[in-house]
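Novice: File entry08.cif below, mmCIF, C-alpha atoms:
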```cif
data_work
loop_
_atom_site.label_atom_id
_atom_site.label_comp_id
_atom_site.auth_asym_id
_atom_site.auth_seq_id
_atom_site.Cartn_x
_atom_site.Cartn_y
_atom_site.Cartn_z
CA HIS A 1 13.61 0.46 5.27
CA ALA A 2 13.34 4.23 5.77
CA THR A 3 9.65 4.41 6.68
CA ASP A 4 8.72 3.31 10.19
CA PHE A 5 5.14 2.09 9.90
CA GLN A 6 5.66 -0.27 12.84
CA GLY A 7 6.38 2.82 14.92
CA VAL A 8 3.06 4.29 13.78
CA ILE A 9 1.27 1.06 14.75
CA ASP A 10 2.93 0.90 18.17
CA THR A 11 2.43 4.56 19.10
CA PHE A 12 -0.39 6.20 17.14
CA TYR A 13 -2.58 3.08 17.00
CA ARG A 14 -1.33 1.65 20.32
CA GLY A 15 -0.72 -1.76 18.79
CA ASP A 16 -4.32 -2.30 17.68
CA TYR A 17 -3.38 -2.50 13.99
CA GLU A 18 -1.04 -4.98 12.34
CA ARG A 19 1.75 -4.49 9.83
CA LEU A 20 0.64 -5.24 6.29
CA ASN A 21 3.16 -7.55 4.66
CA GLN A 22 2.40 -7.17 0.98
CA PHE A 23 0.03 -5.89 -1.69
CA CYS A 24 -1.97 -9.14 -1.99
CA GLN A 25 -2.42 -10.01 1.66
CA GLY A 26 -5.65 -11.67 2.78
CA TYR A 27 -6.45 -13.89 -0.21
CA GLY A 28 -5.90 -17.21 1.54
CA GLU A 29 -3.98 -19.75 -0.52
CA PHE A 30 -3.49 -17.18 -3.30
CA THR A 31 -1.29 -15.06 -0.99
CA ASN A 32 2.43 -15.84 -0.97
CA PRO A 33 3.22 -16.44 2.73
CA LYS A 34 6.97 -16.02 2.27
CA ILE A 35 6.72 -12.29 1.49
CA LYS A 36 7.20 -10.07 4.52
CA ALA A 37 7.32 -6.29 4.75
CA ARG A 38 10.78 -4.75 4.98
CA LYS A 39 11.46 -3.59 8.52
CA PHE A 40 12.55 -0.07 9.44
CA ASN A 41 16.35 -0.16 9.40
CA PRO A 42 18.48 3.00 8.97
CA VAL A 43 21.61 0.95 8.16
CA LEU A 44 19.98 -0.91 5.27
CA ALA A 45 18.22 2.25 4.12
CA LYS A 46 21.46 4.26 3.95
CA ALA A 47 23.18 1.40 2.12
CA ALA A 48 20.43 1.40 -0.51
CA PHE A 49 20.58 5.19 -0.87
CA ALA A 50 24.37 4.97 -1.28
CA ARG A 51 23.90 2.59 -4.20
CA ALA A 52 21.79 5.32 -5.79
CA GLY A 53 24.59 7.85 -5.29
CA PHE A 54 23.37 9.54 -2.10
CA THR A 55 26.55 9.31 -0.06
CA GLU A 56 27.15 12.79 1.36
CA LEU A 57 25.39 13.87 4.54
CA GLY A 58 24.20 17.47 4.53
CA PRO A 59 24.26 19.77 7.58
CA ASP A 60 20.55 19.10 8.18
CA GLY A 61 21.04 15.32 8.22
CA ILE A 62 19.68 14.74 4.70
CA LEU A 63 21.75 12.74 2.20
CA CYS A 64 22.92 14.33 -1.05
CA ARG A 65 24.59 13.26 -4.27
CA ALA A 66 27.90 14.72 -5.37
CA ASP A 67 26.04 17.19 -7.63
CA GLY A 68 24.08 18.53 -4.65
CA THR A 69 20.81 16.69 -5.32
CA ARG A 70 19.04 16.18 -1.99
CA LEU A 71 17.26 12.96 -1.05
CA SER A 72 13.95 14.78 -0.70
CA ILE A 73 10.54 13.40 -1.66
CA ARG A 74 7.07 14.93 -1.46
CA LEU A 75 4.71 12.74 0.57
CA THR A 76 1.06 13.39 -0.29
CA MET A 77 -1.83 12.28 1.90
CA ASP A 78 -5.39 13.36 2.68
CA ASP A 79 -6.51 15.54 5.57
CA SER A 80 -8.06 12.74 7.62
CA GLU A 81 -6.90 11.86 11.13
CA ARG A 82 -4.06 9.90 9.55
CA ARG A 83 -2.19 13.16 8.97
CA LYS A 84 -1.47 13.12 12.72
CA PHE A 85 1.10 10.34 12.33
CA LEU A 86 3.03 12.24 9.67
CA PRO A 87 5.62 13.43 12.22
CA THR A 88 6.50 9.80 13.02
CA LEU A 89 7.14 9.03 9.35
CA ILE A 90 9.08 12.26 8.81
CA GLU A 91 11.34 11.81 11.83
CA SER A 92 12.02 8.13 11.11
CA ALA A 93 12.95 8.95 7.51
CA LYS A 94 15.32 11.69 8.65
CA LEU A 95 17.23 9.12 10.72
CA CYS A 96 17.94 7.42 7.39
CA GLY A 97 18.98 10.61 5.61
CA LEU A 98 15.66 10.95 3.76
CA GLU A 99 13.50 14.06 3.77
CA TYR A 100 9.74 13.62 3.45
CA ARG A 101 8.09 16.91 2.50
CA PRO A 102 4.48 16.56 3.70
CA GLU A 103 1.61 17.65 1.45
CA VAL A 104 -1.80 17.33 3.12
CA LEU A 105 -4.76 17.80 0.77
CA GLU A 106 -8.52 17.53 0.94
CA HIS A 107 -9.44 13.98 -0.08
CA THR A 108 -11.00 14.79 -3.45
CA THR A 109 -8.10 17.06 -4.38
CA MET A 110 -5.62 14.37 -3.42
CA TYR A 111 -7.49 11.74 -5.43
CA ARG A 112 -7.49 13.94 -8.53
CA LYS A 113 -3.77 14.65 -8.17
CA VAL A 114 -2.84 10.98 -7.83
CA MET A 115 -5.06 9.93 -10.74
CA GLU A 116 -3.30 12.53 -12.87
CA LYS A 117 0.01 10.94 -11.79
CA ASN A 118 1.29 14.22 -10.37
CA HIS A 119 2.47 12.73 -7.07
CA GLU A 120 5.88 11.51 -5.94
CA ILE A 121 4.83 9.28 -3.02
CA CYS A 122 1.28 9.09 -1.73
CA PHE A 123 -0.33 7.47 1.28
CA TRP A 124 -3.13 5.48 -0.31
CA ALA A 125 -5.27 2.39 0.23
CA TRP A 126 -7.38 0.23 -2.06
CA GLY A 127 -10.50 -1.58 -0.94
CA ALA A 128 -9.96 -5.35 -1.31
CA THR A 129 -12.77 -7.45 -2.77
CA GLY A 130 -13.16 -10.91 -4.23
CA LEU A 131 -11.48 -14.22 -3.42
CA GLN A 132 -8.28 -13.79 -5.44
CA PRO A 133 -5.87 -10.96 -6.31
CA GLU A 134 -6.85 -8.58 -9.11
CA LEU A 135 -3.56 -7.09 -10.28
CA TRP A 136 -4.39 -5.97 -13.82
CA GLN A 137 -5.68 -2.54 -12.83
CA SER A 138 -2.87 -1.75 -10.39
CA HIS A 139 0.24 -3.32 -11.95
CA HIS A 140 -0.25 -4.11 -15.64
CA GLY A 141 1.89 -2.15 -18.09
CA ASP A 142 -1.19 -1.23 -20.15
CA ASN A 143 -2.19 1.05 -17.28
CA ALA A 144 1.26 2.56 -16.73
CA VAL A 145 2.29 4.34 -19.93
CA GLU A 146 0.88 5.40 -23.28
CA LYS A 147 2.41 6.70 -26.50
CA THR A 148 1.63 10.23 -27.64
CA VAL A 149 1.13 11.26 -31.27
CA ASP A 150 4.79 12.25 -31.28
CA GLY A 151 5.81 8.72 -30.34
CA VAL A 152 6.85 9.65 -26.81
CA TYR A 153 5.87 7.46 -23.86
CA VAL A 154 4.23 9.30 -20.98
CA ALA A 155 2.49 8.27 -17.79
CA LYS A 156 -1.04 7.07 -18.50
CA ARG A 157 -3.47 9.17 -16.50
CA GLN A 158 -6.74 8.13 -14.87
CA THR A 159 -5.71 4.53 -14.21
CA ASN A 160 -5.26 2.63 -10.96
CA ASN A 161 -1.60 1.87 -11.71
CA ILE A 162 -0.54 4.78 -9.53
CA THR A 163 3.03 3.45 -9.09
CA GLY A 164 3.68 3.54 -12.83
CA THR A 165 4.72 -0.12 -12.70
CA HIS A 166 5.67 -1.33 -16.19
CA ILE A 167 7.42 -4.70 -15.98
CA PRO A 168 6.80 -6.88 -19.06
CA GLU A 169 7.35 -10.11 -17.10
CA LEU A 170 4.80 -9.03 -14.50
CA SER A 171 2.28 -8.05 -17.18
CA ASP A 172 2.67 -11.48 -18.77
CA LEU A 173 2.07 -13.18 -15.43
CA ILE A 174 -1.06 -11.10 -14.88
CA ASP A 175 -2.38 -11.99 -18.35
CA CYS A 176 -1.73 -15.70 -17.76
CA PHE A 177 -3.40 -15.54 -14.34
CA ARG A 178 -6.54 -13.94 -15.79
CA ALA A 179 -6.74 -16.50 -18.59
CA SER A 180 -6.09 -19.58 -16.44
CA THR A 181 -8.85 -21.87 -15.19
CA ASP A 182 -6.52 -24.19 -13.27
CA LYS A 183 -6.35 -23.31 -9.57
CA SER A 184 -2.87 -24.74 -8.96
CA GLU A 185 -1.48 -22.81 -11.90
CA MET A 186 -3.22 -19.63 -10.75
CA ILE A 187 -1.65 -19.95 -7.29
CA GLN A 188 1.84 -20.34 -8.78
CA LEU A 189 1.32 -17.36 -11.11
CA SER A 190 -0.02 -15.30 -8.22
CA PHE A 191 3.02 -16.09 -6.06
CA LYS A 192 5.43 -15.12 -8.85
CA ALA A 193 3.59 -11.84 -9.51
CA GLN A 194 3.61 -10.95 -5.82
CA GLN A 195 7.33 -11.62 -5.61
CA LEU A 196 8.02 -9.26 -8.52
CA ILE A 197 5.91 -6.55 -6.89
CA HIS A 198 7.80 -7.02 -3.62
CA ASP A 199 11.19 -6.94 -5.36
CA GLU A 200 10.34 -3.75 -7.24
CA ALA A 201 9.40 -2.11 -3.91
CA SER A 202 7.32 0.70 -5.38
CA PHE A 203 4.69 -0.17 -2.75
CA ILE A 204 5.51 0.15 0.95
CA PRO A 205 3.08 -1.95 3.03
CA ALA A 206 1.71 0.10 5.91
CA PHE A 207 -0.86 -1.50 8.18
CA CYS A 208 -4.11 -3.45 8.15
CA VAL A 209 -7.07 -3.38 10.52
CA PRO A 210 -7.69 -6.97 11.69
CA SER A 211 -10.74 -6.25 13.84
CA TYR A 212 -13.35 -3.77 14.91
CA ARG A 213 -14.78 -2.85 18.30
CA LEU A 214 -18.47 -3.00 19.07
CA ALA A 215 -20.64 -2.12 22.04
CA TYR A 216 -24.12 -3.65 22.15
CA TRP A 217 -26.98 -4.50 24.51
CA ASN A 218 -27.10 -8.02 25.95
CA TRP A 219 -30.28 -8.82 24.01
CA LEU A 220 -28.24 -8.89 20.81
CA LYS A 221 -26.48 -12.19 20.09
CA TRP A 222 -23.79 -13.26 17.61
CA PRO A 223 -22.54 -16.75 16.67
CA ALA A 224 -19.47 -18.17 18.42
CA HIS A 225 -17.06 -17.10 15.70
CA PHE A 226 -18.87 -13.76 15.49
CA ASP A 227 -18.71 -12.81 11.84
CA ALA A 228 -17.95 -13.75 8.26
CA ARG A 229 -14.38 -13.93 6.95
CA SER A 230 -14.78 -10.72 4.99
CA SER A 231 -16.82 -7.88 6.48
CA ASP A 232 -16.49 -4.15 6.93
CA ASP A 233 -18.76 -3.82 9.95
CA PRO A 234 -20.51 -6.19 12.38
CA LEU A 235 -23.94 -5.75 10.79
CA SER A 236 -22.94 -6.19 7.14
CA THR A 237 -23.80 -9.90 6.91
CA GLY A 238 -26.81 -9.96 9.23
CA LEU A 239 -25.37 -12.72 11.43
CA PHE A 240 -27.00 -11.58 14.65
CA TRP A 241 -30.20 -12.22 16.58
CA ILE A 242 -32.43 -9.94 18.61
#
```
What is this file in structure tokens?
Specialist:
Amino acid sequence: HATDFQGVIDTFYRGDYERLNQFCQGYGEFTNPKIKARKFNPVLAKAAFARAGFTELGPDGILCRADGTRLSIRLTMDDSERRKFLPTLIESAKLCGLEYRPEVLEHTTMYRKVMEKNHEICFWAWGATGLQPELWQSHHGDNAVEKTVDGVYVAKRQTNNITGTHIPELSDLIDCFRASTDKSEMIQLSFKAQQLIHDEASFIPAFCVPSYRLAYWNWLKWPAHFDARSSDDPLSTGLFWI
């Protein structure tokens, strides 16, 4: 509720992009249609922060706990053009009493830092492939923590579970989904897993790119519906004639 991605879509991307609603969007009947992204709402954001003890407003507009702890989080992202919409995220968060401290890194440096689990919040995207969600790598507890020789649990490095999600119920659902060969059961398991991910809210859906623009000579032709359901560029599937 404290991160205004719709504002980024409306201003920086001039409405060309769409709000992503959840982690498993775009998988047809395997995607839970009832899950929608939380809208930017300073009232709801401040209420949630208050439940975490951040009730006192500092002179700079940032919420604090009684012991002086500021509601301040480091936001890490790469140095691509996306860094230009950082001010929108920072200003919207401040309206909710949250301070985002921007950290812009070269892409490889950022990737290494996140894989080492040294980030607080990162702006990050995964490439989606396949016909059904693949949640083991990103949300299974096996990829979240590991036990040291001293018996202490620490964050497991070099895994794709970059949120550190470790929910036994979710891990069980993922295991059942991977083992199932019944489509109806898989859809139900997928919906339940997506709901748990949404409820945990360690992932803030940003935006998706529903289209691409293309300029071409009139001696190139495409079919009426133009392209395949899943494609990264207009030439990837070869559905054109010269």
Novice: I'd like the residues picked by the PyMOL selection byres ((chain A and resi 133-136) around 10) written out as a PyMOL selection string, using the chain letters and numbers from the file.
Specialist: chain A and resi 23-27+30-31+128-132+137-143+160-161+170-171+173-175+177-178+187+190+193-194
Novice: Kindly save the residues from that selection, with C-alpha atoms included, as a JSON list (two decimals), keeping the file's coordinate frame.
Specialist:
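The file below, out_18.json, is the result:
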```json
[["chain", "number", "residue", "atom", "x", "y", "z"],
["A", 23, "PHE", "CA", 0.03, -5.89, -1.69],
["A", 24, "CYS", "CA", -1.97, -9.14, -1.99],
["A", 25, "GLN", "CA", -2.42, -10.01, 1.66],
["A", 26, "GLY", "CA", -5.65, -11.67, 2.78],
["A", 27, "TYR", "CA", -6.45, -13.89, -0.21],
["A", 30, "PHE", "CA", -3.49, -17.18, -3.30],
["A", 31, "THR", "CA", -1.29, -15.06, -0.99],
["A", 128, "ALA", "CA", -9.96, -5.35, -1.31],
["A", 129, "THR", "CA", -12.77, -7.45, -2.77],
["A", 130, "GLY", "CA", -13.16, -10.91, -4.23],
["A", 131, "LEU", "CA", -11.48, -14.22, -3.42],
["A", 132, "GLN", "CA", -8.28, -13.79, -5.44],
["A", 137, "GLN", "CA", -5.68, -2.54, -12.83],
["A", 138, "SER", "CA", -2.87, -1.75, -10.39],
["A", 139, "HIS", "CA", 0.24, -3.32, -11.95],
["A", 140, "HIS", "CA", -0.25, -4.11, -15.64],
["A", 141, "GLY", "CA", 1.89, -2.15, -18.09],
["A", 142, "ASP", "CA", -1.19, -1.23, -20.15],
["A", 143, "ASN", "CA", -2.19, 1.05, -17.28],
["A", 160, "ASN", "CA", -5.26, 2.63, -10.96],
["A", 161, "ASN", "CA", -1.60, 1.87, -11.71],
["A", 170, "LEU", "CA", 4.80, -9.03, -14.50],
["A", 171, "SER", "CA", 2.28, -8.05, -17.18],
["A", 173, "LEU", "CA", 2.07, -13.18, -15.43],
["A", 174, "ILE", "CA", -1.06, -11.10, -14.88],
["A", 175, "ASP", "CA", -2.38, -11.99, -18.35],
["A", 177, "PHE", "CA", -3.40, -15.54, -14.34],
["A", 178, "ARG", "CA", -6.54, -13.94, -15.79],
["A", 187, "ILE", "CA", -1.65, -19.95, -7.29],
["A", 190, "SER", "CA", -0.02, -15.30, -8.22],
["A", 193, "ALA", "CA", 3.59, -11.84, -9.51],
["A", 194, "GLN", "CA", 3.61, -10.95, -5.82]]
```
Novice: Could you check how far atom CA of A:Arg112 sits from atom CA of A:Arg19, in Å to one decimal?
Specialist: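 Here the two named atoms are 27.6 Å from each other.
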Novice: Mind listing as an MDAnalysis selection string all residues within 10 Å of (2.3, 9.5, 7.9), counting all atoms listed in the file?
Specialist: chainID A and resid 3:5 8 75:77 82:90 100 102 122:123 206
Novice: Mind checking which residues fall within 9 Å of stretch 50-64 of chain A, counting all atoms listed in the file, ignoring those fewer than 3 positions away in the same chain, and posting them as a PyMOL selection string?
Specialist: chain A and resi 45-47+67-72+94-99
Novice: In terms of the shortest atom-to-atom distance over all atoms listed in the file, which of A:Ala93, A:Met115, A:Cys176, A:Ala228 is closest to A:Phe40?
Specialist: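 Closest candidate: A:Ala93.
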Novice: Report the residues retrieved by the PyMOL selection byres ((chain A and resi 210) around 8) from the displayed file, expressed as number ranges by chain.
Specialist: A: 17-18, 208-209, 211-212
Novice: Limited to C-alpha atoms, could you put the picked residues into a file as a PDB file, in the coordinates of the input?
Specialist:
```
ATOM      1  CA  TYR A  17      -3.380  -2.500  13.990  1.00  0.00           C
ATOM      2  CA  GLU A  18      -1.040  -4.980  12.340  1.00  0.00           C
ATOM      3  CA  CYS A 208      -4.110  -3.450   8.150  1.00  0.00           C
ATOM      4  CA  VAL A 209      -7.070  -3.380  10.520  1.00  0.00           C
ATOM      5  CA  SER A 211     -10.740  -6.250  13.840  1.00  0.00           C
ATOM      6  CA  TYR A 212     -13.350  -3.770  14.910  1.00  0.00           C
TER       7      TYR A 212
END
```
Novice: Please compute the atom CA of A:Glu146-atom CA of A:Gly127 distance, one decimal, in Å.
Specialist: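 Atom-to-atom, atom CA of A:Glu146 to atom CA of A:Gly127, that is 26.0 Å.
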Novice: Just how far from atom CA of A:Thr163 is atom CA of A:Lys36, in Å to one decimal?
Specialist: 19.6 Å
Novice: Could you tell me which of A:Phe191, A:Met110, A:Phe240, A:Tyr216 comes closest to A:Gly28 if we count only C-alpha atoms?
Specialist: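 That would be A:Phe191, the residue with the smallest distance to A:Gly28.
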Novice: Using only C-alpha atoms, which of the listed residues (A:Thr237, A:Asn32, A:Gln6, A:Thr108) sits closest to A:Leu20?
Specialist: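 Looking only at the distances to A:Leu20, the closest residue turns out to be A:Gln6.
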Novice: Would you mind completing stretch 69-93 of chain A so that it carries N, CA, C and O atoms, and writing it out as a PDB file, keeping the file's coordinate frame?
Specialist:
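New file part.pdb:
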```
ATOM      1  N   THR A  69      22.197  17.142  -5.354  1.00  0.00           N
ATOM      2  CA  THR A  69      20.810  16.690  -5.320  1.00  0.00           C
ATOM      3  C   THR A  69      20.478  16.105  -3.954  1.00  0.00           C
ATOM      4  O   THR A  69      21.142  15.187  -3.474  1.00  0.00           O
ATOM      5  N   ARG A  70      19.444  16.645  -3.316  1.00  0.00           N
ATOM      6  CA  ARG A  70      19.040  16.180  -1.990  1.00  0.00           C
ATOM      7  C   ARG A  70      18.097  14.986  -2.095  1.00  0.00           C
ATOM      8  O   ARG A  70      17.312  14.869  -3.042  1.00  0.00           O
ATOM      9  N   LEU A  71      18.165  14.106  -1.128  1.00  0.00           N
ATOM     10  CA  LEU A  71      17.260  12.960  -1.050  1.00  0.00           C
ATOM     11  C   LEU A  71      15.958  13.442  -0.402  1.00  0.00           C
ATOM     12  O   LEU A  71      15.707  13.246   0.782  1.00  0.00           O
ATOM     13  N   SER A  72      15.158  14.118  -1.199  1.00  0.00           N
ATOM     14  CA  SER A  72      13.950  14.780  -0.700  1.00  0.00           C
ATOM     15  C   SER A  72      12.761  14.396  -1.574  1.00  0.00           C
ATOM     16  O   SER A  72      12.816  14.518  -2.795  1.00  0.00           O
ATOM     17  N   ILE A  73      11.706  13.909  -0.939  1.00  0.00           N
ATOM     18  CA  ILE A  73      10.540  13.400  -1.660  1.00  0.00           C
ATOM     19  C   ILE A  73       9.269  13.998  -1.057  1.00  0.00           C
ATOM     20  O   ILE A  73       9.125  14.069   0.166  1.00  0.00           O
ATOM     21  N   ARG A  74       8.355  14.404  -1.925  1.00  0.00           N
ATOM     22  CA  ARG A  74       7.070  14.930  -1.460  1.00  0.00           C
ATOM     23  C   ARG A  74       6.137  13.774  -1.121  1.00  0.00           C
ATOM     24  O   ARG A  74       5.889  12.892  -1.939  1.00  0.00           O
ATOM     25  N   LEU A  75       5.626  13.774   0.107  1.00  0.00           N
ATOM     26  CA  LEU A  75       4.710  12.740   0.570  1.00  0.00           C
ATOM     27  C   LEU A  75       3.307  13.325   0.665  1.00  0.00           C
ATOM     28  O   LEU A  75       3.033  14.190   1.488  1.00  0.00           O
ATOM     29  N   THR A  76       2.422  12.856  -0.203  1.00  0.00           N
ATOM     30  CA  THR A  76       1.060  13.390  -0.290  1.00  0.00           C
ATOM     31  C   THR A  76       0.083  12.473   0.436  1.00  0.00           C
ATOM     32  O   THR A  76       0.123  11.257   0.273  1.00  0.00           O
ATOM     33  N   MET A  77      -0.783  13.054   1.244  1.00  0.00           N
ATOM     34  CA  MET A  77      -1.830  12.280   1.900  1.00  0.00           C
ATOM     35  C   MET A  77      -3.045  13.168   2.140  1.00  0.00           C
ATOM     36  O   MET A  77      -2.970  14.395   1.979  1.00  0.00           O
ATOM     37  N   ASP A  78      -4.175  12.566   2.490  1.00  0.00           N
ATOM     38  CA  ASP A  78      -5.390  13.360   2.680  1.00  0.00           C
ATOM     39  C   ASP A  78      -5.427  13.966   4.082  1.00  0.00           C
ATOM     40  O   ASP A  78      -4.570  13.712   4.919  1.00  0.00           O
ATOM     41  N   ASP A  79      -6.448  14.785   4.313  1.00  0.00           N
ATOM     42  CA  ASP A  79      -6.510  15.540   5.570  1.00  0.00           C
ATOM     43  C   ASP A  79      -7.320  14.825   6.644  1.00  0.00           C
ATOM     44  O   ASP A  79      -7.878  15.469   7.536  1.00  0.00           O
ATOM     45  N   SER A  80      -7.380  13.507   6.590  1.00  0.00           N
ATOM     46  CA  SER A  80      -8.060  12.740   7.620  1.00  0.00           C
ATOM     47  C   SER A  80      -7.195  12.702   8.880  1.00  0.00           C
ATOM     48  O   SER A  80      -6.115  13.298   8.936  1.00  0.00           O
ATOM     49  N   GLU A  81      -7.665  11.956   9.882  1.00  0.00           N
ATOM     50  CA  GLU A  81      -6.900  11.860  11.130  1.00  0.00           C
ATOM     51  C   GLU A  81      -5.522  11.244  10.920  1.00  0.00           C
ATOM     52  O   GLU A  81      -4.626  11.407  11.753  1.00  0.00           O
ATOM     53  N   ARG A  82      -5.343  10.545   9.799  1.00  0.00           N
ATOM     54  CA  ARG A  82      -4.060   9.900   9.550  1.00  0.00           C
ATOM     55  C   ARG A  82      -2.914  10.905   9.413  1.00  0.00           C
ATOM     56  O   ARG A  82      -1.750  10.543   9.580  1.00  0.00           O
ATOM     57  N   ARG A  83      -3.252  12.157   9.103  1.00  0.00           N
ATOM     58  CA  ARG A  83      -2.190  13.160   8.970  1.00  0.00           C
ATOM     59  C   ARG A  83      -1.452  13.348  10.302  1.00  0.00           C
ATOM     60  O   ARG A  83      -0.315  13.850  10.331  1.00  0.00           O
ATOM     61  N   LYS A  84      -2.080  12.924  11.398  1.00  0.00           N
ATOM     62  CA  LYS A  84      -1.470  13.120  12.720  1.00  0.00           C
ATOM     63  C   LYS A  84      -0.246  12.243  12.935  1.00  0.00           C
ATOM     64  O   LYS A  84       0.559  12.517  13.825  1.00  0.00           O
ATOM     65  N   PHE A  85      -0.102  11.153  12.149  1.00  0.00           N
ATOM     66  CA  PHE A  85       1.100  10.340  12.330  1.00  0.00           C
ATOM     67  C   PHE A  85       2.201  10.709  11.344  1.00  0.00           C
ATOM     68  O   PHE A  85       3.253  10.067  11.309  1.00  0.00           O
ATOM     69  N   LEU A  86       1.986  11.766  10.578  1.00  0.00           N
ATOM     70  CA  LEU A  86       3.030  12.240   9.670  1.00  0.00           C
ATOM     71  C   LEU A  86       4.353  12.512  10.375  1.00  0.00           C
ATOM     72  O   LEU A  86       5.415  12.149   9.857  1.00  0.00           O
ATOM     73  N   PRO A  87       4.337  13.173  11.545  1.00  0.00           N
ATOM     74  CA  PRO A  87       5.620  13.430  12.220  1.00  0.00           C
ATOM     75  C   PRO A  87       6.435  12.171  12.480  1.00  0.00           C
ATOM     76  O   PRO A  87       7.671  12.202  12.383  1.00  0.00           O
ATOM     77  N   THR A  88       5.769  11.050  12.793  1.00  0.00           N
ATOM     78  CA  THR A  88       6.500   9.800  13.020  1.00  0.00           C
ATOM     79  C   THR A  88       7.209   9.357  11.758  1.00  0.00           C
ATOM     80  O   THR A  88       8.387   8.949  11.793  1.00  0.00           O
ATOM     81  N   LEU A  89       6.522   9.424  10.608  1.00  0.00           N
ATOM     82  CA  LEU A  89       7.140   9.030   9.350  1.00  0.00           C
ATOM     83  C   LEU A  89       8.282   9.979   8.971  1.00  0.00           C
ATOM     84  O   LEU A  89       9.334   9.536   8.507  1.00  0.00           O
ATOM     85  N   ILE A  90       8.069  11.267   9.181  1.00  0.00           N
ATOM     86  CA  ILE A  90       9.080  12.260   8.810  1.00  0.00           C
ATOM     87  C   ILE A  90      10.339  12.098   9.643  1.00  0.00           C
ATOM     88  O   ILE A  90      11.466  12.111   9.116  1.00  0.00           O
ATOM     89  N   GLU A  91      10.176  11.931  10.954  1.00  0.00           N
ATOM     90  CA  GLU A  91      11.340  11.810  11.830  1.00  0.00           C
ATOM     91  C   GLU A  91      12.080  10.501  11.603  1.00  0.00           C
ATOM     92  O   GLU A  91      13.317  10.455  11.661  1.00  0.00           O
ATOM     93  N   SER A  92      11.346   9.413  11.351  1.00  0.00           N
ATOM     94  CA  SER A  92      12.020   8.130  11.110  1.00  0.00           C
ATOM     95  C   SER A  92      12.809   8.192   9.804  1.00  0.00           C
ATOM     96  O   SER A  92      13.927   7.666   9.722  1.00  0.00           O
ATOM     97  N   ALA A  93      12.242   8.831   8.794  1.00  0.00           N
ATOM     98  CA  ALA A  93      12.950   8.950   7.510  1.00  0.00           C
ATOM     99  C   ALA A  93      14.216   9.773   7.663  1.00  0.00           C
ATOM    100  O   ALA A  93      15.247   9.470   7.054  1.00  0.00           O
TER     101      ALA A  93
END
```
